[in-house]
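Asks: What follows is a structure written as structure tokens; I'll ask about it next.
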Amino acid sequence: MIFYSEQREAVVAHLSSNVKNGLNASQIQEKRDQYGENMLQEKKKKSNFQRFLDQFKDVMILILIAAAIVSFVIACVEGEPKEFFEPVLILFIVIINAIMGVMQESKAEKALDALKGLSAPHARVLRDGTERIIDASQLVPGDIIRLEAGDFVPADARLLHSVSLKSEESALTGESVPSEKDADAIVASDAPLGDRTNMLFTGCSITYGTATAIVTATGMNTEMGKIANLLESEGEAQTPLQRKLAQLGKYLGILALVACAIVFVVGLLNGIPAMEIFMTAVSLAVSAIPEGLPAIVTIVLSIGVQRMVSKNAIIRRLPAVETLGSASIICSDKTGTLTQNRMTLVKAYADGATAAEDVNDHCSDAIKRLLQFGAMCCDGSVVMQDGKEQHIGDPTETAIVLAAQKNGMPKDDLLRQYPRVAELPFDSDRKRMTTVHSMEGKTIAIVKGAFDVMAGRCIHGDLEAARRMNDEMSASALRVLAIAYKEIDAVPEKPMAETMESGLTFLGLVGMIDPPRPEAKAAVETCRKAGIKPVMITGDHVVTASAIARALGILTPEDRAITGAQLDAMSDQELDQQVAGIAVYARVSPENKIRIVKAWQRKGQVVSMTGDGVNDAPALKAADIGCAMGITGTDVAKGAADMTLTDDNFATIVDAVREGRGIYANIKKVVGFLLGTTIGEIITVFLAMILWHKSPLLSMQLLWINLATDSLPAIALGMEAVEPDIMEQKPRPKDESLFAHGFGIRIALQGVMFGALALTAFKLGEFLTGQIAGGQTLSFMVLALSQVVQAYNMRSEHSLFKIGVFSNRKLNGAALISILLVAAVLFTPLSTAFGLIALSGKLYLIGAGLIMVPLAVMELSKAVGLIRRHS
């Protein structure tokens with residue numbers, strides 16, 4: 001069937017559906033078995049075997065394997081069984097390293113897949129006569145779906161009913177202007193995609209209006225599915241930090257290769273066998289080049305992001321984690337973010353009354369009439385699901401609907417008695433909504449909106465008394481809406497705001513309370529300590545907004561509150577001069593939000609902005625960190641944002657900033673640990689060859705150190721808990737280098753320390769045993785285990801004894817594995833294969849002393865302030 005060229009009734013019948021009740025449970029299961037899940041096929045993932053092979057793409061690894069094979073062949077030809085050990089061990093270590101690489105990649109991918117699942121789209125569907133919200137992947141052809149401005153279209157669908165509907169279809173048609181849609185349109189069977197005005201397509205979004213539609217195709221059968229294989233798959237975007245580290249890795253790699261080349265030449269000139277010194281030089285390169293650094297950073301980011309999910313923040317783009325740590329301004333909506341978003345109608349005022357009434361379940365007739373008109377002019381609904389009251393739609397609307405329902409006027413009953421025949425949906429430019437109803441032989445237009453945008457459109461009613469009542473209710477931190485109506489001659493073919501929303505009769509005001517969230521005040525205080533300025537941006541009345549902002553500590557005596565109109569009257573230059581002293585913006589438009597963001601950015605600040613509507617998308621994109629509301633936010637807002645708050649809570653933004661700072665701090669620790677130990681290995685081998693023309697470490701010893709003490713401690717270090725005082729520091733400048741405040745110099749000095757310790761161990765071991773193997777054994781032990789000690793040192797810039805030496809359990813486990821791996825080749829028969837010998841008790845004690853030197857040096861540096869926080 002060609003759905004767009006058929007009548008609606010025929011489409012519904014063909015899909016065995018029902019417009020009033022939707023599909024039933026048995027039909028849903030049958031169709032799911034037939035059509036599968038509503039998902040596009042993803043790009044085929046690499047198998048673990050392919051990932052394993054990818055580990056050997058590095059040139060130095062391939063050279064090392066080739067050298068090991070050559071060494072093995074020479075040993076076979078010469079018939080020396082002892083010579084077999086080294087190449088076999090090298091190959092074994094390389095394979096173990098590759099397996100660990102695969103495990104790390106798999107872990108990172110699983111973490112990111114879990115995040116994708118959490119941000120999966122939802123659909124509003126009618127099933128078994130009940131409206132519910134489900135995962136879009138569960139939709140099947142024949143489902144009846146409802147859509148409004150801001151929703152992503154979850155599947156291809158034929159319109160059944162539409163009001164002023166527009167859909168943004170550039171992803172499919174390339175058309176930059178939203179397409180007008182009409183359920184009543186008659187479309188030719190050969191009409192191109194862009195002309196099918198009675199159809200909606202998956203992957204597109206609703207920019208205006210409301211609609212009811214029937215799903216006609218899902219998954220790969222949709223128009224998007226048909227071209228899915230032609231679409232460019234999204235690349236694995238690296239964060240700015242990962243790119244910088246990859247670049248740094250290249251520079252270090254070049255440095256390591258030069259050092260290795262010198263080591264090889266010096267070794268050859270001093271009579272060390274060519275194959276032995278070649279293997280040592282290549283092994284040093286493999287150990288020293290931090291090719292795994294960006295991968296480990298990805299894992300740390302992924303683990304951190306997963307941790308943020310448990311705190312109700314879903315990060316959609318990894319670079320946002322880095323930016324979060326730099327946030328210096330948090331611009332937040334009021335309703336639902338700083339407040340509880342539990343709208344409850346508590347006051348109502350009918351035109352002509354002397355005072356407002358408390359709203360309960362037995363209101364006066366005048367208030368009942370006000371609630372009746374208000375409920376009829378709402379899209380939100382209140383339904384019972386699994387014995388629980390579920391509010392669907394805007395909380396402001398559901399508060400009105402519930403109040404009417406408690407007074408014996410369920411919205412569904414009202415609409416059956418007084419059917420809605422036309423409407424003008426709410427939008428953030430008009431700040432009003434209008435519905436038209438047939439009421440007792442008359443055609444009545446009902447309009448609701450904020451009092452200050454309604455007052456000028458009313459020609460009947462005591463507007464001065466209403467204004468006083470509006471101010472009084474707003475001063476009590478109530479959110480106030482005005483309701484008005486007019487009788488019109490006939491149902492308009494094309495409803496127009498100019499005619500429908502003028503010449504109104506004022507009916508009354510409804511006031512609802514949305515109390516501040518208990519945790520918001522503490523979160524605002526945390527912001528202040530962290531050097532972050534909280535700013536309230538709301539569409540609400542300035543008096544209401546100011547009252548709540550004062551209660552939360554956002555509006556201080558030094559700050560002021562302004563309206564969107566006042567903001568519009570300012571030039572950009574004037575705004576730049578005044579923006580630092582403005583803490584509350586009331587009655588703002590989405591365009592105002594962009595101006596506020598850009599004014600702060602021009603001052604060099606990193607801005608976080610919350611938003612939930614379609615028109616908020618540009619501001620969310622303009623902000624350094626766009627935060628979409630997970631509960632009330634539209635799909636379009638979520639798509640534009642970097643982060644989604646699953647609980648719509650301001651405190652979650654502050655927690656996310658805290659976690660972002662913690663993740664960045666952990667990455668810094670990991671980088672410091674890996675680079676410091678890498679520099680130590682290069683210095684050890686390079687200086688020994690230059691000064692004494694001897695190698696202090698053999699090839700397999702270097703590779704074993706790399707295997708035992710790099711990856712596991714680094715990843716565990718990246719899982720360090722966020723330090724308690726991290727929100728007492730000022731925000732990090734956006735473009736600040738990872739190596740700022742002397743961190744790069746400290747890393748280099750730590751590398752020198754490791755080199756000095758390993759070289760000291762080598763000379764002592766050689767001198768006291770009379771053998772080069774004795775020096776290599778002590779050097780191997782000291783270099784490997786001092787790196788494990790350094791992993792603990794890097795946990796904090798505070799004293800290790802202050803934070804608790806063994807409080808990071810994951811690091812304890814990683815350190816234990818590292819120690820066991822080192823001990824396995826020091827104290828078992830494997831030592832022979834690794835070119836190690838048994839040492840005297842005295843030498844082991846000397847080695848233990850040298851191993852603990854980094855702890856003493858780092859603790860002393862922290863105590864005297866050489867290592868300190870920069871706040």
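By order in the structure tokens, chains are A, B, ...; within a chain, residues start at 1; ligands start at 1, following the order shown.
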Fewer than 6 positions away in the same chain doesn't count, so skip those; otherwise give me all residues within 10 Å of Lys621 (chain A), counting only C-alpha atoms, as a PyMOL selection string.

Replies: chain A and resi 594+609+627+637+639-642

Asks: Excluding region 645-655 of chain A and residues on its chain fewer than 3 positions from it, collect all residues at most 9 Å away from it, counting only C-alpha atoms, and give them as a VMD selection string.

Replies: chain A and resid 308 to 309 311 to 315 330 332 to 334 336 to 341 517 519 to 524 526 to 527 608 627 to 633 658 to 660

Asks: Quote the spacing between CA of Thr610 (chain A) and CA of Pro590 (chain A) in Å to one decimal place.

Replies: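 Separation of CA of Thr610 (chain A) and CA of Pro590 (chain A): 11.2 Å.
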
Asks: Can you pull out the residues contacting Ala25 (chain A)? Cut-off 8 Å, using only C-alpha atoms, and skip same-chain residues under 2 positions away; I want them as a list of chain:residue names.

Replies: A:Leu23, A:Gln27, A:Ile28, A:Gln29, A:Arg127, A:Asp128

Asks: Considering only C-alpha atoms, state which residue in the set A:Met454, A:Ile537, A:Ile667, A:Ala285 is at the smallest distance from Ala259 (chain A).

Replies: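 The closest residue to Ala259 (chain A) is A:Ala285.
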